>>> print(open('coords35.pdb').read())   # PDB, C-alpha atoms
ATOM      1  CA  MET W   1       0.000   0.000   0.000  1.00  0.00           C
ATOM      2  CA  LEU W   2       1.356   3.407  -1.020  1.00  0.00           C
ATOM      3  CA  VAL W   3       1.126   6.422   1.278  1.00  0.00           C
ATOM      4  CA  ARG W   4       2.122  10.074   1.146  1.00  0.00           C
ATOM      5  CA  LEU W   5       3.326  11.922   4.228  1.00  0.00           C
ATOM      6  CA  LEU W   6       3.907  15.657   4.415  1.00  0.00           C
ATOM      7  CA  TYR W   7       5.805  17.233   7.287  1.00  0.00           C
ATOM      8  CA  ALA W   8       7.549  20.441   8.262  1.00  0.00           C
ATOM      9  CA  SER W   9      10.590  20.932  10.447  1.00  0.00           C
ATOM     10  CA  ARG W  10      13.133  23.573  11.310  1.00  0.00           C
ATOM     11  CA  ALA W  11      16.812  23.064  10.541  1.00  0.00           C
ATOM     12  CA  VAL W  12      19.088  23.092  13.568  1.00  0.00           C
ATOM     13  CA  ASP W  13      22.081  23.973  11.362  1.00  0.00           C
ATOM     14  CA  THR W  14      21.149  26.180   8.395  1.00  0.00           C
ATOM     15  CA  SER W  15      24.565  26.113   6.712  1.00  0.00           C
ATOM     16  CA  THR W  16      24.705  25.066   3.068  1.00  0.00           C
ATOM     17  CA  ASP W  17      26.872  22.062   3.978  1.00  0.00           C
ATOM     18  CA  ALA W  18      24.358  20.817   6.565  1.00  0.00           C
ATOM     19  CA  ILE W  19      21.419  21.120   4.146  1.00  0.00           C
ATOM     20  CA  GLU W  20      23.393  19.403   1.367  1.00  0.00           C
ATOM     21  CA  ALA W  21      24.283  16.576   3.768  1.00  0.00           C
ATOM     22  CA  ILE W  22      20.590  15.970   4.512  1.00  0.00           C
ATOM     23  CA  LEU W  23      19.763  15.926   0.786  1.00  0.00           C
ATOM     24  CA  SER W  24      22.679  13.655  -0.029  1.00  0.00           C
ATOM     25  CA  GLN W  25      21.714  11.183   2.685  1.00  0.00           C
ATOM     26  CA  SER W  26      18.110  11.165   1.426  1.00  0.00           C
ATOM     27  CA  ARG W  27      19.195  10.516  -2.140  1.00  0.00           C
ATOM     28  CA  GLN W  28      21.387   7.599  -1.056  1.00  0.00           C
ATOM     29  CA  HIS W  29      18.951   5.991   1.393  1.00  0.00           C
ATOM     30  CA  ASN W  30      15.514   6.510  -0.172  1.00  0.00           C
ATOM     31  CA  PRO W  31      15.863   4.483  -3.408  1.00  0.00           C
ATOM     32  CA  THR W  32      16.748   1.330  -1.467  1.00  0.00           C
ATOM     33  CA  CYS W  33      13.506   1.724   0.517  1.00  0.00           C
ATOM     34  CA  GLY W  34      11.312   2.603  -2.463  1.00  0.00           C
ATOM     35  CA  ILE W  35      10.808   6.133  -1.174  1.00  0.00           C
ATOM     36  CA  THR W  36      10.362   9.125  -3.463  1.00  0.00           C
ATOM     37  CA  GLY W  37       9.575  12.702  -2.611  1.00  0.00           C
ATOM     38  CA  ILE W  38      10.300  16.370  -2.739  1.00  0.00           C
ATOM     39  CA  LEU W  39      12.002  18.690  -0.279  1.00  0.00           C
ATOM     40  CA  CYS W  40      11.428  22.417  -0.075  1.00  0.00           C
ATOM     41  CA  TYR W  41      13.810  24.434   2.089  1.00  0.00           C
ATOM     42  CA  GLY W  42      13.776  28.134   2.843  1.00  0.00           C
ATOM     43  CA  GLY W  43      14.243  30.438   5.784  1.00  0.00           C
ATOM     44  CA  GLY W  44      15.446  27.566   7.946  1.00  0.00           C
ATOM     45  CA  ILE W  45      12.279  25.535   7.318  1.00  0.00           C
ATOM     46  CA  PHE W  46      11.921  22.188   5.594  1.00  0.00           C
ATOM     47  CA  LEU W  47       8.686  21.163   3.889  1.00  0.00           C
ATOM     48  CA  GLN W  48       8.931  17.601   2.657  1.00  0.00           C
ATOM     49  CA  ALA W  49       6.581  15.131   0.999  1.00  0.00           C
ATOM     50  CA  ILE W  50       7.642  11.488   1.083  1.00  0.00           C
ATOM     51  CA  GLU W  51       5.901   8.654  -0.736  1.00  0.00           C
ATOM     52  CA  GLY W  52       6.289   4.917  -0.607  1.00  0.00           C
ATOM     53  CA  GLY W  53       5.118   1.850   1.254  1.00  0.00           C
ATOM     54  CA  ARG W  54       3.370   2.431   4.564  1.00  0.00           C
ATOM     55  CA  MET W  55       6.078   0.881   6.754  1.00  0.00           C
ATOM     56  CA  PRO W  56       9.126   2.450   5.025  1.00  0.00           C
ATOM     57  CA  VAL W  57       7.478   5.905   5.110  1.00  0.00           C
ATOM     58  CA  SER W  58       6.505   5.468   8.782  1.00  0.00           C
ATOM     59  CA  GLU W  59      10.021   4.327   9.676  1.00  0.00           C
ATOM     60  CA  LEU W  60      11.602   7.248   7.827  1.00  0.00           C
ATOM     61  CA  PHE W  61       9.311   9.753   9.537  1.00  0.00           C
ATOM     62  CA  GLY W  62      10.173   8.205  12.916  1.00  0.00           C
ATOM     63  CA  HIS W  63      13.859   8.643  12.098  1.00  0.00           C
ATOM     64  CA  ILE W  64      13.325  12.279  11.064  1.00  0.00           C
ATOM     65  CA  GLN W  65      11.520  12.993  14.350  1.00  0.00           C
ATOM     66  CA  LYS W  66      14.586  11.743  16.267  1.00  0.00           C
ATOM     67  CA  ASP W  67      17.173  13.312  13.938  1.00  0.00           C
ATOM     68  CA  PRO W  68      19.129  16.008  15.837  1.00  0.00           C
ATOM     69  CA  ARG W  69      19.398  18.041  12.597  1.00  0.00           C
ATOM     70  CA  HIS W  70      15.630  18.715  12.763  1.00  0.00           C
ATOM     71  CA  LYS W  71      13.509  20.426  15.394  1.00  0.00           C
ATOM     72  CA  ASP W  72       9.807  21.302  15.632  1.00  0.00           C
ATOM     73  CA  VAL W  73       8.895  18.332  13.426  1.00  0.00           C
ATOM     74  CA  ALA W  74       5.179  18.543  12.590  1.00  0.00           C
ATOM     75  CA  LEU W  75       3.054  16.065  10.641  1.00  0.00           C
ATOM     76  CA  LEU W  76       0.985  18.148   8.205  1.00  0.00           C
ATOM     77  CA  HIS W  77      -0.760  15.555   6.050  1.00  0.00           C
ATOM     78  CA  TYR W  78      -0.913  11.770   5.656  1.00  0.00           C
ATOM     79  CA  GLU W  79      -2.921   9.789   3.132  1.00  0.00           C
ATOM     80  CA  GLU W  80      -3.161   6.464   1.375  1.00  0.00           C
ATOM     81  CA  ILE W  81      -2.570   6.960  -2.344  1.00  0.00           C
ATOM     82  CA  THR W  82      -3.121   5.002  -5.543  1.00  0.00           C
ATOM     83  CA  GLU W  83      -0.150   6.542  -7.340  1.00  0.00           C
ATOM     84  CA  ARG W  84       2.865   8.718  -6.631  1.00  0.00           C
ATOM     85  CA  ARG W  85       2.932  12.412  -7.486  1.00  0.00           C
ATOM     86  CA  PHE W  86       6.672  12.704  -6.902  1.00  0.00           C
ATOM     87  CA  GLY W  87       7.726   9.380  -8.415  1.00  0.00           C
ATOM     88  CA  GLY W  88      10.359  10.946 -10.658  1.00  0.00           C
ATOM     89  CA  TRP W  89      12.440  12.084  -7.713  1.00  0.00           C
ATOM     90  CA  THR W  90      14.419  10.205  -5.107  1.00  0.00           C
ATOM     91  CA  MET W  91      14.442  13.623  -3.456  1.00  0.00           C
ATOM     92  CA  GLY W  92      13.794  16.719  -5.554  1.00  0.00           C
ATOM     93  CA  GLN W  93      14.708  20.078  -4.071  1.00  0.00           C
ATOM     94  CA  VAL W  94      12.851  23.325  -4.566  1.00  0.00           C
ATOM     95  CA  ASN W  95      15.133  26.270  -5.265  1.00  0.00           C
ATOM     96  CA  LEU W  96      13.425  29.017  -3.264  1.00  0.00           C
ATOM     97  CA  SER W  97      16.122  31.565  -4.120  1.00  0.00           C
ATOM     98  CA  LYS W  98      14.890  31.577  -7.741  1.00  0.00           C
ATOM     99  CA  LEU W  99      11.222  31.348  -6.889  1.00  0.00           C
ATOM    100  CA  ASN W 100       8.629  33.939  -7.849  1.00  0.00           C
ATOM    101  CA  HIS W 101       7.347  35.053  -4.438  1.00  0.00           C
ATOM    102  CA  SER W 102       3.831  35.478  -5.838  1.00  0.00           C
ATOM    103  CA  ILE W 103       3.551  31.669  -5.791  1.00  0.00           C
ATOM    104  CA  LEU W 104       4.237  31.649  -2.043  1.00  0.00           C
ATOM    105  CA  LEU W 105       1.853  34.562  -1.528  1.00  0.00           C
ATOM    106  CA  LYS W 106      -0.866  32.651  -3.377  1.00  0.00           C
ATOM    107  CA  TYR W 107      -0.901  30.083  -0.552  1.00  0.00           C
ATOM    108  CA  SER W 108      -0.124  32.126   2.560  1.00  0.00           C
ATOM    109  CA  GLU W 109      -0.393  35.516   4.229  1.00  0.00           C
ATOM    110  CA  LYS W 110       3.229  36.457   3.507  1.00  0.00           C
ATOM    111  CA  PRO W 111       5.502  35.626   0.557  1.00  0.00           C
ATOM    112  CA  GLU W 112       7.618  33.205   2.591  1.00  0.00           C
ATOM    113  CA  LEU W 113       7.684  29.496   3.258  1.00  0.00           C
ATOM    114  CA  ASP W 114       5.748  28.895   6.480  1.00  0.00           C
ATOM    115  CA  PRO W 115       3.959  25.529   6.476  1.00  0.00           C
ATOM    116  CA  TYR W 116       3.279  25.945  10.198  1.00  0.00           C
ATOM    117  CA  SER W 117       0.699  28.647   9.453  1.00  0.00           C
ATOM    118  CA  VAL W 118      -1.299  26.850   6.722  1.00  0.00           C
ATOM    119  CA  SER W 119      -3.052  23.513   6.372  1.00  0.00           C
ATOM    120  CA  GLY W 120      -1.347  20.384   5.108  1.00  0.00           C
ATOM    121  CA  LYS W 121      -3.521  20.445   1.990  1.00  0.00           C
ATOM    122  CA  VAL W 122      -2.380  23.990   1.228  1.00  0.00           C
ATOM    123  CA  SER W 123       1.268  22.974   1.663  1.00  0.00           C
ATOM    124  CA  LEU W 124       0.762  20.009  -0.651  1.00  0.00           C
ATOM    125  CA  ALA W 125      -0.869  22.295  -3.249  1.00  0.00           C
ATOM    126  CA  LEU W 126       2.150  24.607  -2.994  1.00  0.00           C
ATOM    127  CA  LEU W 127       4.543  21.707  -3.628  1.00  0.00           C
ATOM    128  CA  GLU W 128       2.495  20.589  -6.615  1.00  0.00           C
ATOM    129  CA  GLU W 129       2.562  24.087  -8.099  1.00  0.00           C
ATOM    130  CA  LEU W 130       6.292  24.362  -7.530  1.00  0.00           C
ATOM    131  CA  MET W 131       6.724  21.059  -9.335  1.00  0.00           C
ATOM    132  CA  ALA W 132       4.467  22.196 -12.213  1.00  0.00           C
ATOM    133  CA  THR W 133       6.353  25.477 -12.619  1.00  0.00           C
ATOM    134  CA  ALA W 134       9.726  23.700 -12.720  1.00  0.00           C
ATOM    135  CA  ALA W 135      10.984  25.424  -9.583  1.00  0.00           C
ATOM    136  CA  ILE W 136      12.562  22.118  -8.548  1.00  0.00           C
ATOM    137  CA  ILE W 137      16.250  21.298  -8.865  1.00  0.00           C
ATOM    138  CA  GLY W 138      18.142  18.115  -8.145  1.00  0.00           C
ATOM    139  CA  ARG W 139      15.845  15.631  -9.830  1.00  0.00           C
ATOM    140  CA  ALA W 140      18.169  12.837  -8.665  1.00  0.00           C
TER     141      ALA W 140
END
>>> encode(input="coords35.pdb", output="structure tokens")
Amino acid sequence: MLVRLLYASRAVDTSTDAIEAILSQSRQHNPTCGITGILCYGGGIFLQAIEGGRMPVSELFGHIQKDPRHKDVALLHYEEITERRFGGWTMGQVNLSKLNHSILLKYSEKPELDPYSVSGKVSLALLEELMATAAIIGRA
């Protein structure tokens, strides 16, 4: 059974090296578990959708909750799915530095990434629009 989980967290270390290390680890680990997804990072906040089998996704989320590189981990949305939306990515990354801020403003009060202030469905819609507008880098 396939599931999709959406969560937000705050980075403990916001350096480029720390963020790249998280992405690199995801890209190495996720394919072996059948996990795909997309990661959006900006302003010290991660917004990530992960898809795969129920147990691998649950185990990964449990690991993220205990990971000292993340804090304020919040489950935003969880659903059983019939197909993947982010199947082309082991972990795609949204490049917020090149993003048109009107897309962020479309989904929130301010033109900044803040999944803590909107619903999980709104955050998922934002990720889908970012994917549709090719604002995603690192298709690995």
>>> atom_distance(input="coords35.pdb", atom1="atom CA of Lys110 of chain W", atom2="atom CA of Asp72 of chain W")
20.5 Å
>>> residues_around(input="coords35.pdb", residues="Leu127 of chain W", least_positions_apart="6", cutoff="9 Å", atoms="only C-alpha atoms", output="number ranges by chain")
W: 38-40, 47-49, 94
>>> atom_distance(input="coords35.pdb", atom1="atom CA of Val3 of chain W", atom2="atom CA of Glu51 of chain W")
5.6 Å
>>> atom_distance(input="coords35.pdb", atom1="atom CA of Asn100 of chain W", atom2="atom CA of Glu79 of chain W")
28.9 Å
>>> residues_around(input="coords35.pdb", residues="Tyr107 of chain W", least_positions_apart="3", cutoff="12 Å", atoms="all atoms listed in the file", output="JSON, numbers by chain")
{"W": [101, 102, 103, 104, 110, 111, 112, 113, 114, 115, 117, 118, 119, 120, 121, 122, 123, 124, 125, 126, 127, 128, 129, 130]}
>>> closest_residue(input="coords35.pdb", among="W:Thr133, W:Ser24, W:Thr82, W:Asn30", to="Arg4 of chain W", atoms="only C-alpha atoms")
W:Thr82
>>> resolve_selection(input="coords35.pdb", expression="the PyMOL selection byres ((chain W and resi 8-14) around 6)", output="PyMOL selection string")
chain W and resi 7+15+44-47+69-74
>>> write_last_selection(input="coords35.pdb", atoms="C-alpha atoms", output="compact mmCIF listing (two decimals), keeping the file's coordinate frame")
# COMPACT_ATOMS: atom_id res chain seq x y z
CA TYR W 7 5.80 17.23 7.29
CA SER W 15 24.56 26.11 6.71
CA GLY W 44 15.45 27.57 7.95
CA ILE W 45 12.28 25.54 7.32
CA PHE W 46 11.92 22.19 5.59
CA LEU W 47 8.69 21.16 3.89
CA ARG W 69 19.40 18.04 12.60
CA HIS W 70 15.63 18.72 12.76
CA LYS W 71 13.51 20.43 15.39
CA ASP W 72 9.81 21.30 15.63
CA VAL W 73 8.90 18.33 13.43
CA ALA W 74 5.18 18.54 12.59
>>> resolve_selection(input="coords35.pdb", expression="the PyMOL selection byres ((chain W and resi 56) around 12)", output="ChimeraX atom specification")
/W:1-5,29-36,50-55,57-63
>>> closest_residue(input="coords35.pdb", among="W:Met131, W:Leu105, W:Asp17, W:Gln25", to="Ile64 of chain W", atoms="only C-alpha atoms")
W:Gln25
>>> build_atoms(input="coords35.pdb", residues="segment 41-72 of chain W", atoms="N, CA and C atoms", output="compact mmCIF listing (two decimals), in the coordinates of the input")
# COMPACT_ATOMS: atom_id res chain seq x y z
N TYR W 41 13.10 23.85 0.97
CA TYR W 41 13.81 24.43 2.09
C TYR W 41 13.93 25.93 1.88
N GLY W 42 13.61 26.69 2.90
CA GLY W 42 13.78 28.13 2.84
C GLY W 42 13.58 28.75 4.21
N GLY W 43 14.38 29.73 4.51
CA GLY W 43 14.24 30.44 5.78
C GLY W 43 14.40 29.53 6.99
N GLY W 44 15.22 28.48 6.84
CA GLY W 44 15.45 27.57 7.95
C GLY W 44 14.36 26.52 8.13
N ILE W 45 13.41 26.46 7.20
CA ILE W 45 12.28 25.54 7.32
C ILE W 45 12.30 24.51 6.19
N PHE W 46 12.09 23.26 6.56
CA PHE W 46 11.92 22.19 5.59
C PHE W 46 10.43 21.91 5.43
N LEU W 47 10.01 21.68 4.20
CA LEU W 47 8.69 21.16 3.89
C LEU W 47 8.96 19.98 2.98
N GLN W 48 8.59 18.79 3.42
CA GLN W 48 8.93 17.60 2.66
C GLN W 48 7.74 16.68 2.51
N ALA W 49 7.56 16.18 1.29
CA ALA W 49 6.58 15.13 1.00
C ALA W 49 7.38 13.87 0.71
N ILE W 50 7.01 12.78 1.36
CA ILE W 50 7.64 11.49 1.08
C ILE W 50 6.55 10.48 0.74
N GLU W 51 6.86 9.65 -0.26
CA GLU W 51 5.90 8.65 -0.74
C GLU W 51 6.57 7.30 -0.78
N GLY W 52 5.78 6.28 -0.54
CA GLY W 52 6.29 4.92 -0.61
C GLY W 52 5.37 3.99 0.16
N GLY W 53 5.88 2.80 0.47
CA GLY W 53 5.12 1.85 1.25
C GLY W 53 4.86 2.39 2.65
N ARG W 54 3.77 1.92 3.25
CA ARG W 54 3.37 2.43 4.56
C ARG W 54 4.48 2.28 5.62
N MET W 55 5.06 1.10 5.72
CA MET W 55 6.08 0.88 6.75
C MET W 55 7.36 1.66 6.48
N PRO W 56 7.92 1.65 5.25
CA PRO W 56 9.13 2.45 5.03
C PRO W 56 8.92 3.94 5.27
N VAL W 57 7.76 4.48 4.88
CA VAL W 57 7.48 5.90 5.11
C VAL W 57 7.35 6.18 6.61
N SER W 58 6.65 5.30 7.33
CA SER W 58 6.50 5.47 8.78
C SER W 58 7.85 5.40 9.49
N GLU W 59 8.69 4.46 9.07
CA GLU W 59 10.02 4.33 9.68
C GLU W 59 10.88 5.55 9.39
N LEU W 60 10.82 6.06 8.17
CA LEU W 60 11.60 7.25 7.83
C LEU W 60 11.13 8.45 8.64
N PHE W 61 9.82 8.63 8.76
CA PHE W 61 9.31 9.75 9.54
C PHE W 61 9.73 9.63 11.00
N GLY W 62 9.71 8.42 11.55
CA GLY W 62 10.17 8.20 12.92
C GLY W 62 11.63 8.60 13.08
N HIS W 63 12.44 8.28 12.07
CA HIS W 63 13.86 8.64 12.10
C HIS W 63 14.02 10.17 12.05
N ILE W 64 13.25 10.82 11.19
CA ILE W 64 13.32 12.28 11.06
C ILE W 64 12.96 12.95 12.39
N GLN W 65 11.94 12.41 13.07
CA GLN W 65 11.52 12.99 14.35
C GLN W 65 12.63 12.92 15.40
N LYS W 66 13.50 11.91 15.30
CA LYS W 66 14.59 11.74 16.27
C LYS W 66 15.90 12.36 15.79
N ASP W 67 15.95 12.79 14.54
CA ASP W 67 17.17 13.31 13.94
C ASP W 67 17.55 14.65 14.59
N PRO W 68 18.74 14.77 15.17
CA PRO W 68 19.13 16.01 15.84
C PRO W 68 19.31 17.19 14.88
N ARG W 69 19.28 16.94 13.57
CA ARG W 69 19.40 18.04 12.60
C ARG W 69 18.07 18.74 12.37
N HIS W 70 16.98 18.15 12.90
CA HIS W 70 15.63 18.72 12.76
C HIS W 70 15.07 19.05 14.14
N LYS W 71 14.27 20.12 14.18
CA LYS W 71 13.51 20.43 15.39
C LYS W 71 12.12 20.87 14.97
N ASP W 72 11.19 20.89 15.90
CA ASP W 72 9.81 21.30 15.63
C ASP W 72 9.19 20.50 14.49
